[in-house]
$ cat run.cif   # mmCIF, C-alpha atoms
data_protein
#
loop_
_atom_site.label_atom_id
_atom_site.label_comp_id
_atom_site.auth_asym_id
_atom_site.auth_seq_id
_atom_site.Cartn_x
_atom_site.Cartn_y
_atom_site.Cartn_z
CA MET B 1 -17.66 -71.99 86.05
CA LEU B 2 -20.51 -69.65 86.97
CA ARG B 3 -21.44 -68.06 90.25
CA PHE B 4 -24.94 -66.93 91.17
CA ARG B 5 -25.26 -63.50 92.74
CA PHE B 6 -28.27 -62.99 95.00
CA LEU B 7 -29.40 -59.41 95.46
CA LEU B 8 -31.70 -58.50 98.32
CA VAL B 9 -34.50 -56.46 96.76
CA GLY B 10 -37.34 -55.53 99.05
CA THR B 11 -38.58 -58.71 100.70
CA GLY B 12 -37.36 -61.06 97.99
CA LEU B 13 -34.18 -62.30 96.34
CA LEU B 14 -33.16 -61.56 92.77
CA CYS B 15 -30.79 -64.13 91.27
CA VAL B 16 -28.30 -62.94 88.67
CA THR B 17 -25.82 -65.27 86.95
CA VAL B 18 -22.31 -63.84 86.67
CA GLY B 19 -18.74 -65.05 86.36
CA ILE B 20 -16.86 -65.99 89.50
CA GLY B 21 -16.96 -62.92 91.71
CA GLN B 22 -17.48 -60.77 88.64
CA SER B 23 -18.55 -57.21 89.31
CA GLY B 24 -19.07 -56.42 85.65
CA GLN B 25 -16.68 -53.46 85.89
CA GLY B 26 -13.39 -55.05 86.92
CA THR B 27 -13.01 -52.53 89.75
CA PHE B 28 -14.31 -52.21 93.28
CA SER B 29 -17.21 -49.80 93.79
CA PRO B 30 -16.32 -46.76 95.94
CA GLY B 31 -18.24 -46.66 99.21
CA ASN B 32 -19.38 -50.28 99.10
CA ILE B 33 -19.06 -52.33 102.28
CA PHE B 34 -17.45 -55.76 102.48
CA LEU B 35 -18.32 -58.18 105.29
CA SER B 36 -16.81 -61.43 106.54
CA GLU B 37 -19.66 -63.87 107.03
CA LEU B 38 -19.46 -67.26 108.73
CA GLY B 39 -21.92 -70.05 109.46
CA LEU B 40 -22.02 -71.46 112.97
CA GLU B 41 -20.24 -74.56 111.72
CA GLY B 42 -17.34 -72.54 110.33
CA CYS B 43 -15.43 -73.62 107.26
CA ARG B 44 -15.81 -77.29 108.19
CA ALA B 45 -19.28 -77.13 106.64
CA GLU B 46 -18.18 -74.93 103.74
CA ARG B 47 -19.92 -71.91 105.23
CA SER B 48 -17.44 -69.05 104.85
CA TRP B 49 -18.21 -66.02 102.68
CA ILE B 50 -17.30 -62.45 101.85
CA ARG B 51 -20.39 -60.35 101.18
CA GLU B 52 -20.50 -56.99 99.40
CA VAL B 53 -23.21 -54.49 100.36
CA ASP B 54 -24.25 -51.32 98.56
CA PRO B 55 -25.09 -48.93 101.43
CA ALA B 56 -27.24 -46.73 99.18
CA THR B 57 -29.66 -49.51 98.22
CA GLY B 58 -29.08 -52.29 100.77
CA GLU B 59 -28.50 -54.74 97.93
CA SER B 60 -25.91 -57.41 98.65
CA TRP B 61 -24.15 -60.34 97.00
CA LEU B 62 -21.45 -62.88 97.81
CA ILE B 63 -18.10 -62.31 96.09
CA ALA B 64 -16.09 -65.23 97.57
CA ASP B 65 -16.72 -68.40 99.55
CA TYR B 66 -15.14 -71.55 100.99
CA PHE B 67 -14.30 -72.85 97.52
CA ASP B 68 -12.24 -69.70 96.89
CA GLY B 69 -10.09 -70.47 99.95
CA LEU B 70 -11.99 -68.83 102.82
CA CYS B 71 -11.83 -70.75 106.08
CA ASN B 72 -13.09 -69.11 109.30
CA ASN B 73 -12.43 -65.65 107.85
CA SER B 74 -12.61 -62.50 109.95
CA GLY B 75 -10.66 -59.25 109.45
CA LEU B 76 -10.82 -57.41 106.12
CA ALA B 77 -8.83 -54.47 104.76
CA PHE B 78 -8.01 -53.06 101.36
CA THR B 79 -4.36 -53.04 100.35
CA PRO B 80 -2.79 -49.57 100.34
CA ASP B 81 -2.95 -49.31 96.53
CA ALA B 82 -6.70 -50.13 96.74
CA ALA B 83 -6.23 -52.95 94.23
CA ARG B 84 -7.07 -55.95 96.44
CA LEU B 85 -9.17 -56.92 99.42
CA ARG B 86 -7.12 -58.70 102.08
CA VAL B 87 -8.73 -61.25 104.43
CA ILE B 88 -7.38 -63.23 107.37
CA ASN B 89 -8.40 -66.89 107.80
CA LEU B 90 -8.18 -68.25 111.34
CA THR B 91 -8.64 -71.98 110.67
CA GLY B 92 -6.94 -71.83 107.29
CA ASN B 93 -4.02 -70.07 109.04
CA ASP B 94 -3.38 -67.87 106.04
CA ILE B 95 -3.92 -64.40 104.61
CA MET B 96 -5.46 -63.97 101.15
CA ASP B 97 -5.84 -61.12 98.67
CA PHE B 98 -8.93 -60.93 96.43
CA ASP B 99 -9.24 -58.84 93.30
CA SER B 100 -12.45 -57.12 92.20
CA ASN B 101 -13.50 -60.24 90.29
CA GLY B 102 -13.46 -62.35 93.46
CA VAL B 103 -10.28 -64.21 92.48
CA GLY B 104 -8.13 -64.89 95.54
CA ALA B 105 -4.56 -65.93 96.25
CA ILE B 106 -2.69 -66.73 99.46
CA VAL B 107 -0.04 -64.12 100.29
CA TYR B 108 1.04 -65.37 103.74
CA ASP B 109 0.65 -68.70 105.57
CA SER B 110 2.27 -70.68 108.40
CA SER B 111 5.64 -70.52 106.63
CA HIS B 112 5.51 -66.75 107.19
CA GLY B 113 5.01 -67.06 110.95
CA LEU B 114 1.21 -66.97 111.11
CA GLY B 115 -0.39 -68.53 114.16
CA GLY B 116 -4.13 -68.13 113.68
CA PRO B 117 -4.66 -64.59 112.30
CA PHE B 118 -7.90 -63.25 113.73
CA GLY B 119 -9.86 -60.13 114.61
CA GLY B 120 -12.72 -58.00 113.35
CA ASN B 121 -10.09 -55.69 111.90
CA GLY B 122 -6.99 -57.57 113.00
CA LEU B 123 -4.81 -56.30 110.15
CA ALA B 124 -3.52 -52.84 109.28
CA TRP B 125 -0.96 -50.87 107.27
CA ASP B 126 0.87 -47.70 108.27
CA ARG B 127 1.93 -44.84 106.00
CA GLU B 128 5.36 -46.45 105.53
CA GLY B 129 3.84 -49.56 103.97
CA ASN B 130 4.41 -51.76 107.02
CA PHE B 131 1.76 -54.47 107.43
CA PHE B 132 0.61 -55.69 110.85
CA VAL B 133 -1.52 -58.70 111.78
CA ALA B 134 -2.84 -60.05 115.09
CA ASN B 135 -2.43 -63.78 115.77
CA GLU B 136 -5.03 -65.51 117.98
CA TYR B 137 -3.32 -68.85 118.62
CA SER B 138 0.31 -67.75 118.93
CA GLN B 139 -0.76 -64.56 120.75
CA GLN B 140 1.46 -62.26 118.73
CA ILE B 141 1.40 -59.06 116.73
CA LEU B 142 3.47 -59.59 113.58
CA HIS B 143 5.15 -56.82 111.61
CA PHE B 144 5.86 -57.32 107.88
CA SER B 145 8.02 -54.57 106.40
CA PRO B 146 7.36 -53.62 102.74
CA ASP B 147 10.49 -55.38 101.43
CA ALA B 148 10.48 -58.48 103.68
CA GLN B 149 8.61 -61.77 103.34
CA GLN B 150 9.32 -62.86 106.89
CA PRO B 151 7.91 -60.81 109.78
CA VAL B 152 9.30 -59.81 113.12
CA VAL B 153 7.27 -60.28 116.31
CA LEU B 154 6.33 -56.81 117.50
CA ALA B 155 4.67 -58.02 120.72
CA ASP B 156 3.51 -61.32 122.19
CA ARG B 157 2.10 -63.06 125.28
CA ASN B 158 5.14 -62.01 127.33
CA ASP B 159 4.00 -58.43 126.79
CA GLY B 160 0.39 -59.18 127.79
CA ILE B 161 -1.03 -59.97 124.34
CA THR B 162 -3.52 -62.83 124.75
CA GLY B 163 -4.94 -63.19 121.23
CA GLY B 164 -6.16 -61.52 118.08
CA GLY B 165 -8.25 -58.37 117.95
CA GLY B 166 -8.76 -55.04 116.19
CA LEU B 167 -5.77 -52.98 115.06
CA ALA B 168 -5.45 -49.27 114.25
CA VAL B 169 -2.41 -47.09 113.54
CA LEU B 170 -2.00 -43.83 115.46
CA SER B 171 -0.60 -40.60 114.05
CA ASN B 172 2.89 -41.28 115.45
CA GLY B 173 2.98 -44.85 114.09
CA ASP B 174 2.07 -46.62 117.34
CA LEU B 175 -0.57 -49.36 117.19
CA LEU B 176 -3.76 -49.74 119.18
CA LEU B 177 -4.93 -53.31 119.79
CA ALA B 178 -8.54 -53.86 120.87
CA GLU B 179 -8.32 -57.25 122.54
CA ASP B 180 -10.27 -57.33 125.83
CA ARG B 181 -8.29 -54.32 127.01
CA LEU B 182 -7.19 -51.54 124.66
CA PHE B 183 -3.42 -51.76 124.31
CA ARG B 184 -0.93 -49.28 122.88
CA ILE B 185 2.12 -50.79 121.17
CA THR B 186 5.08 -48.64 120.16
CA ARG B 187 7.17 -49.40 117.08
CA ALA B 188 9.84 -50.65 119.51
CA GLY B 189 7.34 -53.24 120.81
CA ILE B 190 6.70 -51.57 124.16
CA VAL B 191 3.16 -52.42 125.31
CA SER B 192 1.04 -50.31 127.65
CA VAL B 193 -2.66 -50.18 128.50
CA PHE B 194 -4.43 -47.31 126.71
CA ASP B 195 -7.79 -48.08 128.37
CA PRO B 196 -8.37 -51.10 130.66
CA TYR B 197 -11.98 -52.04 129.77
CA PHE B 198 -11.85 -55.67 130.93
CA VAL B 199 -13.50 -55.77 134.39
CA ARG B 200 -16.23 -58.42 134.80
CA THR B 201 -19.41 -56.48 133.83
CA TYR B 202 -17.41 -53.79 132.04
CA PRO B 203 -17.24 -53.77 128.23
CA VAL B 204 -14.56 -55.83 126.48
CA ALA B 205 -12.72 -54.08 123.62
CA ARG B 206 -13.21 -55.85 120.28
CA THR B 207 -12.87 -53.61 117.19
CA ILE B 208 -11.41 -50.22 116.34
CA ALA B 209 -11.24 -47.50 113.66
CA ARG B 210 -9.37 -44.18 113.43
CA SER B 211 -10.41 -41.12 111.42
CA LYS B 212 -8.06 -38.74 109.60
CA ASN B 213 -8.45 -36.12 112.36
CA GLY B 214 -7.37 -38.56 115.07
CA THR B 215 -10.77 -39.58 116.45
CA ILE B 216 -10.75 -43.20 117.57
CA TYR B 217 -13.92 -45.30 117.52
CA LEU B 218 -14.06 -48.52 119.51
CA GLY B 219 -16.60 -51.33 119.54
CA ALA B 220 -16.91 -53.16 122.84
CA ARG B 221 -18.89 -56.17 123.99
CA HIS B 222 -20.65 -56.14 127.35
CA VAL B 223 -19.92 -59.53 128.92
CA GLU B 224 -23.31 -59.65 130.61
CA GLY B 225 -26.09 -59.50 128.07
CA ASN B 226 -23.92 -59.88 124.97
CA SER B 227 -24.62 -56.35 123.83
CA GLY B 228 -22.35 -54.11 121.79
CA THR B 229 -21.45 -50.50 122.51
CA ILE B 230 -19.55 -47.89 120.48
CA TYR B 231 -17.25 -45.37 122.15
CA LYS B 232 -15.08 -42.61 120.75
CA TYR B 233 -11.90 -40.86 121.86
CA ASP B 234 -10.96 -37.38 120.63
CA HIS B 235 -7.40 -36.57 119.56
CA GLU B 236 -6.13 -40.08 120.42
CA ASP B 237 -6.61 -39.20 124.11
CA ALA B 238 -7.74 -42.03 126.41
CA SER B 239 -9.27 -39.57 128.90
CA THR B 240 -11.87 -38.35 126.38
CA ARG B 241 -13.90 -41.57 126.04
CA GLN B 242 -17.55 -40.86 125.15
CA LEU B 243 -20.54 -43.10 124.45
CA VAL B 244 -21.70 -43.00 120.81
CA ALA B 245 -24.19 -45.86 120.42
CA GLU B 246 -25.27 -48.98 122.30
CA GLY B 247 -27.61 -51.96 122.23
CA PHE B 248 -26.13 -53.90 119.33
CA GLN B 249 -26.70 -57.68 119.36
CA ILE B 250 -23.55 -59.76 119.55
CA PHE B 251 -22.51 -63.16 120.87
CA ASN B 252 -18.82 -62.35 120.90
CA TRP B 253 -17.62 -60.29 117.93
CA MET B 254 -18.62 -57.09 116.20
CA SER B 255 -16.74 -54.98 113.65
CA ILE B 256 -16.71 -51.28 112.72
CA ALA B 257 -15.42 -49.18 109.81
CA LEU B 258 -15.70 -45.58 108.68
CA SER B 259 -17.45 -44.57 105.46
CA GLU B 260 -15.49 -43.13 102.55
CA ASP B 261 -16.08 -39.53 103.68
CA GLU B 262 -15.84 -40.52 107.38
CA SER B 263 -19.24 -39.01 108.18
CA VAL B 264 -20.73 -42.41 109.01
CA LEU B 265 -19.59 -45.31 111.15
CA TYR B 266 -20.67 -48.73 109.91
CA VAL B 267 -21.34 -51.29 112.63
CA VAL B 268 -21.83 -54.96 111.84
CA GLU B 269 -23.05 -57.19 114.65
CA GLN B 270 -24.44 -60.70 114.80
CA TRP B 271 -26.94 -60.54 111.92
CA ASN B 272 -27.23 -56.88 110.99
CA LEU B 273 -25.27 -54.04 109.42
CA TYR B 274 -26.03 -50.51 110.63
CA SER B 275 -24.87 -47.01 109.76
CA VAL B 276 -24.40 -44.50 112.58
CA ASP B 277 -24.42 -40.83 111.57
CA LEU B 278 -21.46 -39.25 113.39
CA ASP B 279 -23.14 -35.84 113.65
CA THR B 280 -26.50 -36.94 115.03
CA TYR B 281 -25.68 -40.54 116.08
CA GLU B 282 -28.84 -41.60 114.29
CA ARG B 283 -28.79 -45.31 113.52
CA ARG B 284 -30.07 -46.89 110.30
CA LEU B 285 -30.39 -50.58 109.41
CA LEU B 286 -28.69 -51.29 106.07
CA PHE B 287 -28.67 -55.06 105.80
CA THR B 288 -29.88 -58.21 107.58
CA VAL B 289 -28.62 -61.73 106.92
CA PRO B 290 -31.09 -63.48 104.57
CA SER B 291 -33.50 -65.91 106.22
CA ASP B 292 -31.96 -68.87 104.41
CA GLU B 293 -28.66 -68.02 106.14
CA SER B 294 -30.15 -67.55 109.60
CA GLN B 295 -27.30 -69.48 111.21
CA ALA B 296 -24.68 -67.15 109.76
CA SER B 297 -22.94 -64.28 111.52
CA VAL B 298 -21.70 -61.19 109.66
CA GLY B 299 -19.91 -59.56 112.61
CA ARG B 300 -16.54 -61.14 111.86
CA GLY B 301 -14.97 -58.38 109.76
CA ILE B 302 -15.72 -55.26 107.74
CA ALA B 303 -14.00 -53.02 105.21
CA VAL B 304 -15.15 -50.07 103.09
CA TYR B 305 -13.71 -49.51 99.63
CA LYS B 306 -12.34 -45.99 99.37
CA ALA B 307 -11.40 -44.79 95.91
CA PRO B 308 -7.72 -43.86 95.39
CA LYS B 309 -7.14 -40.16 96.03
CA PRO B 310 -4.93 -38.15 93.65
CA GLY B 311 -2.02 -36.83 95.72
CA ASP B 312 -2.18 -39.63 98.30
CA MET B 313 1.40 -40.63 97.57
CA ASN B 314 1.95 -42.91 100.59
CA CYS B 315 -1.40 -44.70 100.11
CA ASP B 316 -2.69 -44.14 103.64
CA ASN B 317 -6.02 -42.89 102.18
CA TRP B 318 -5.41 -39.31 103.25
CA VAL B 319 -3.76 -36.38 101.46
CA ASN B 320 -1.69 -34.41 103.96
CA ASN B 321 1.82 -33.27 104.85
CA PHE B 322 3.09 -36.85 104.94
CA ASP B 323 2.56 -37.01 101.18
CA ILE B 324 4.90 -34.11 100.36
CA ASP B 325 8.18 -36.05 100.31
CA PRO B 326 6.82 -38.98 98.27
CA PHE B 327 5.14 -36.54 95.85
CA VAL B 328 8.44 -34.76 95.24
CA LEU B 329 10.16 -38.12 94.75
CA ALA B 330 7.48 -39.28 92.31
CA LEU B 331 7.90 -36.04 90.37
CA THR B 332 11.70 -36.14 90.19
CA ASP B 333 12.79 -39.80 90.43
CA GLU B 334 10.43 -42.50 89.18
CA ALA B 335 12.81 -45.36 90.06
CA GLY B 336 13.47 -43.86 93.48
CA TYR B 337 9.76 -43.60 94.20
CA GLN B 338 9.19 -47.20 93.17
CA ALA B 339 12.03 -48.38 95.40
CA ARG B 340 10.81 -46.37 98.40
CA PHE B 341 7.02 -46.55 97.96
CA GLY B 342 6.54 -49.67 95.89
CA TRP B 343 3.38 -50.67 97.75
CA CYS B 344 1.68 -47.48 96.52
CA ASP B 345 0.95 -46.11 93.02
CA ARG B 346 3.00 -43.36 91.37
CA THR B 347 0.15 -42.43 89.00
CA ARG B 348 -1.51 -40.68 91.96
CA ALA B 349 1.02 -37.89 91.42
CA ASP B 350 -1.02 -36.89 88.35
CA VAL B 351 -3.12 -34.69 90.62
CA ASN B 352 -4.49 -32.44 87.86
CA ARG B 353 -5.56 -35.57 85.92
CA ASP B 354 -4.08 -34.57 82.56
CA GLY B 355 -2.40 -37.95 82.06
CA THR B 356 1.12 -36.71 82.76
CA ILE B 357 3.18 -36.43 85.94
CA ASP B 358 5.01 -33.11 85.77
CA ASN B 359 5.36 -29.66 87.33
CA PHE B 360 1.80 -28.77 86.35
CA ASP B 361 0.63 -31.15 89.12
CA ILE B 362 2.29 -29.13 91.87
CA ASP B 363 -0.42 -26.50 92.34
CA ALA B 364 -3.14 -29.17 92.38
CA PHE B 365 -1.19 -31.19 94.93
CA VAL B 366 -0.69 -28.18 97.20
CA ALA B 367 -4.42 -27.42 96.99
CA ALA B 368 -5.24 -31.02 97.96
CA VAL B 369 -2.94 -30.84 101.01
CA ILE B 370 -4.42 -27.48 102.08
CA ALA B 371 -7.94 -28.88 101.70
CA HIS B 372 -7.07 -31.59 104.19
CA THR B 373 -5.59 -29.03 106.58
CA ASP B 374 -8.87 -27.12 106.48
CA ASP B 375 -10.94 -30.20 107.50
#

$ encode --input "run.cif" --output "structure tokens"
Amino acid sequence: MLRFRFLLVGTGLLCVTVGIGQSGQGTFSPGNIFLSELGLEGCRAERSWIREVDPATGESWLIADYFDGLCNNSGLAFTPDAARLRVINLTGNDIMDFDSNGVGAIVYDSSHGLGGPFGGNGLAWDREGNFFVANEYSQQILHFSPDAQQPVVLADRNDGITGGGGLAVLSNGDLLLAEDRLFRITRAGIVSVFDPYFVRTYPVARTIARSKNGTIYLGARHVEGNSGTIYKYDHEDASTRQLVAEGFQIFNWMSIALSEDESVLYVVEQWNLYSVDLDTYERRLLFTVPSDESQASVGRGIAVYKAPKPGDMNCDNWVNNFDIDPFVLALTDEAGYQARFGWCDRTRADVNRDGTIDNFDIDAFVAAVIAHTDD
């Protein structure tokens, strides 16, 4: 079976015939952006897609659709080992992983406690390999540990959670949930309000991203006027909220994600994808939904593929002090590393890239950790 890839080139479309979801390389392209796209009719009319966008050229193509299992898809995130793209399906009530060829498989469904997973980035991993997902219908935050198929309920409606939303992991392991208000949820399931937001004409929190230095970016919808605004918080401190950008078009949802080097914030709203330079806050239009898909919205979810980093031994996409213990374990006890960090990839311990994991990688690993400290 063949799939047709449509690339946006200038004002026209270029059609290229490829295998199902085939990238031609068998790997994801570093820096490329992946969007959840949905027609107004949802999956009932077979209008659910995942779109890949090259931010350098603006070219885009569909890598998966309704026939691959998508059904009212929203949040996207790459698995910690960077091997698969994970997507949450609200109406399908499942979670799927897609490889770089666009081949998908269900990893969790209603038998695993799902109750309508939903949110622009309503799924997240921490540095311990724990997976979290926000449920819209059952109004829960679920916690899947690395070695368990069945989750525990971290927080639910009794704690004030009223639906799905954006998730981000803080430096101490707590979660932030952007769902009308901005909630903080401890690993013990204690819920508090990080920033209230929800007050009639005040913005409503919708989507969230955290940088390696602890800066939090939040996308909020203004109830009156359906406009989107981006705020930031320095050092995970609620008192430091600052305006970054405003005036995005949304009906309800928008999604944000940081670029591979974290110098740019990508913002996807109703029909458009923008980049926002985080030094100048200059905004640039990268992509607009094609005219033949004018009834589709791309603001449902976003993820950026970030290439695996040598030395990132807990697969949290950063090389820092938290990688020291797993690096030592990978160097001295292969079986022990696999048992403790099985969601990650031991080959990242080959930091000097000579094809062998040994003591000659130590200096290169230390240099990588120090480079992060100097950021």

$ residues_near_point --input "run.cif" --point "(-30.4, -61.6, 110.8)" --cutoff "12 Å" --atoms "all atoms listed in the file" --output "number ranges by chain"
B: 37, 249-250, 268-274, 285-299

$ write_last_selection --input "run.cif" --atoms "C-alpha atoms" --output "JSON list (two decimals), in the coordinates of the input"
[["chain", "number", "residue", "atom", "x", "y", "z"],
["B", 37, "GLU", "CA", -19.66, -63.87, 107.03],
["B", 249, "GLN", "CA", -26.70, -57.68, 119.36],
["B", 250, "ILE", "CA", -23.55, -59.76, 119.55],
["B", 268, "VAL", "CA", -21.83, -54.96, 111.84],
["B", 269, "GLU", "CA", -23.05, -57.19, 114.65],
["B", 270, "GLN", "CA", -24.44, -60.70, 114.80],
["B", 271, "TRP", "CA", -26.94, -60.54, 111.92],
["B", 272, "ASN", "CA", -27.23, -56.88, 110.99],
["B", 273, "LEU", "CA", -25.27, -54.04, 109.42],
["B", 274, "TYR", "CA", -26.03, -50.51, 110.63],
["B", 285, "LEU", "CA", -30.39, -50.58, 109.41],
["B", 286, "LEU", "CA", -28.69, -51.29, 106.07],
["B", 287, "PHE", "CA", -28.67, -55.06, 105.80],
["B", 288, "THR", "CA", -29.88, -58.21, 107.58],
["B", 289, "VAL", "CA", -28.62, -61.73, 106.92],
["B", 290, "PRO", "CA", -31.09, -63.48, 104.57],
["B", 291, "SER", "CA", -33.50, -65.91, 106.22],
["B", 292, "ASP", "CA", -31.96, -68.87, 104.41],
["B", 293, "GLU", "CA", -28.66, -68.02, 106.14],
["B", 294, "SER", "CA", -30.15, -67.55, 109.60],
["B", 295, "GLN", "CA", -27.30, -69.48, 111.21],
["B", 296, "ALA", "CA", -24.68, -67.15, 109.76],
["B", 297, "SER", "CA", -22.94, -64.28, 111.52],
["B", 298, "VAL", "CA", -21.70, -61.19, 109.66],
["B", 299, "GLY", "CA", -19.91, -59.56, 112.61]]

$ closest_residue --input "run.cif" --among "B:Asp354, B:Asp325, B:Glu46, B:Glu52" --to "Ile302 of chain B" --atoms "only C-alpha atoms"
B:Glu52

$ resolve_selection --input "run.cif" --expression "the PyMOL selection byres ((chain B and resi 107) around 6)" --output "compact mmCIF listing (two decimals) with C-alpha atoms, in the coordinates of the input"
# COMPACT_ATOMS: atom_id res chain seq x y z
CA ILE B 95 -3.92 -64.40 104.61
CA MET B 96 -5.46 -63.97 101.15
CA ILE B 106 -2.69 -66.73 99.46
CA TYR B 108 1.04 -65.37 103.74

$ resolve_selection --input "run.cif" --expression "the PyMOL selection byres ((chain B and resi 321) around 10)" --output "list in words"
Asp312, Trp318, Val319, Asn320, Phe322, Asp323, Ile324, Asp325, Val366, Val369, Ile370, His372 and Thr373 of chain B

$ residues_around --input "run.cif" --residues "Met313 of chain B" --least-positions-apart "4" --cutoff "7 Å" --atoms "all atoms listed in the file" --output "PDB file with C-alpha atoms, in the coordinates of the input"
ATOM      1  CA  ASP B 323       2.560 -37.010 101.180  1.00  0.00           C
ATOM      2  CA  PRO B 326       6.820 -38.980  98.270  1.00  0.00           C
ATOM      3  CA  PHE B 327       5.140 -36.540  95.850  1.00  0.00           C
ATOM      4  CA  CYS B 344       1.680 -47.480  96.520  1.00  0.00           C
ATOM      5  CA  ARG B 346       3.000 -43.360  91.370  1.00  0.00           C
ATOM      6  CA  ARG B 348      -1.510 -40.680  91.960  1.00  0.00           C
ATOM      7  CA  ALA B 349       1.020 -37.890  91.420  1.00  0.00           C
TER       8      ALA B 349
END

$ closest_residue --input "run.cif" --among "B:Asn130, B:Asn135, B:Gln242, B:Asn73" --to "Leu175 of chain B" --atoms "all atoms listed in the file"
B:Asn130
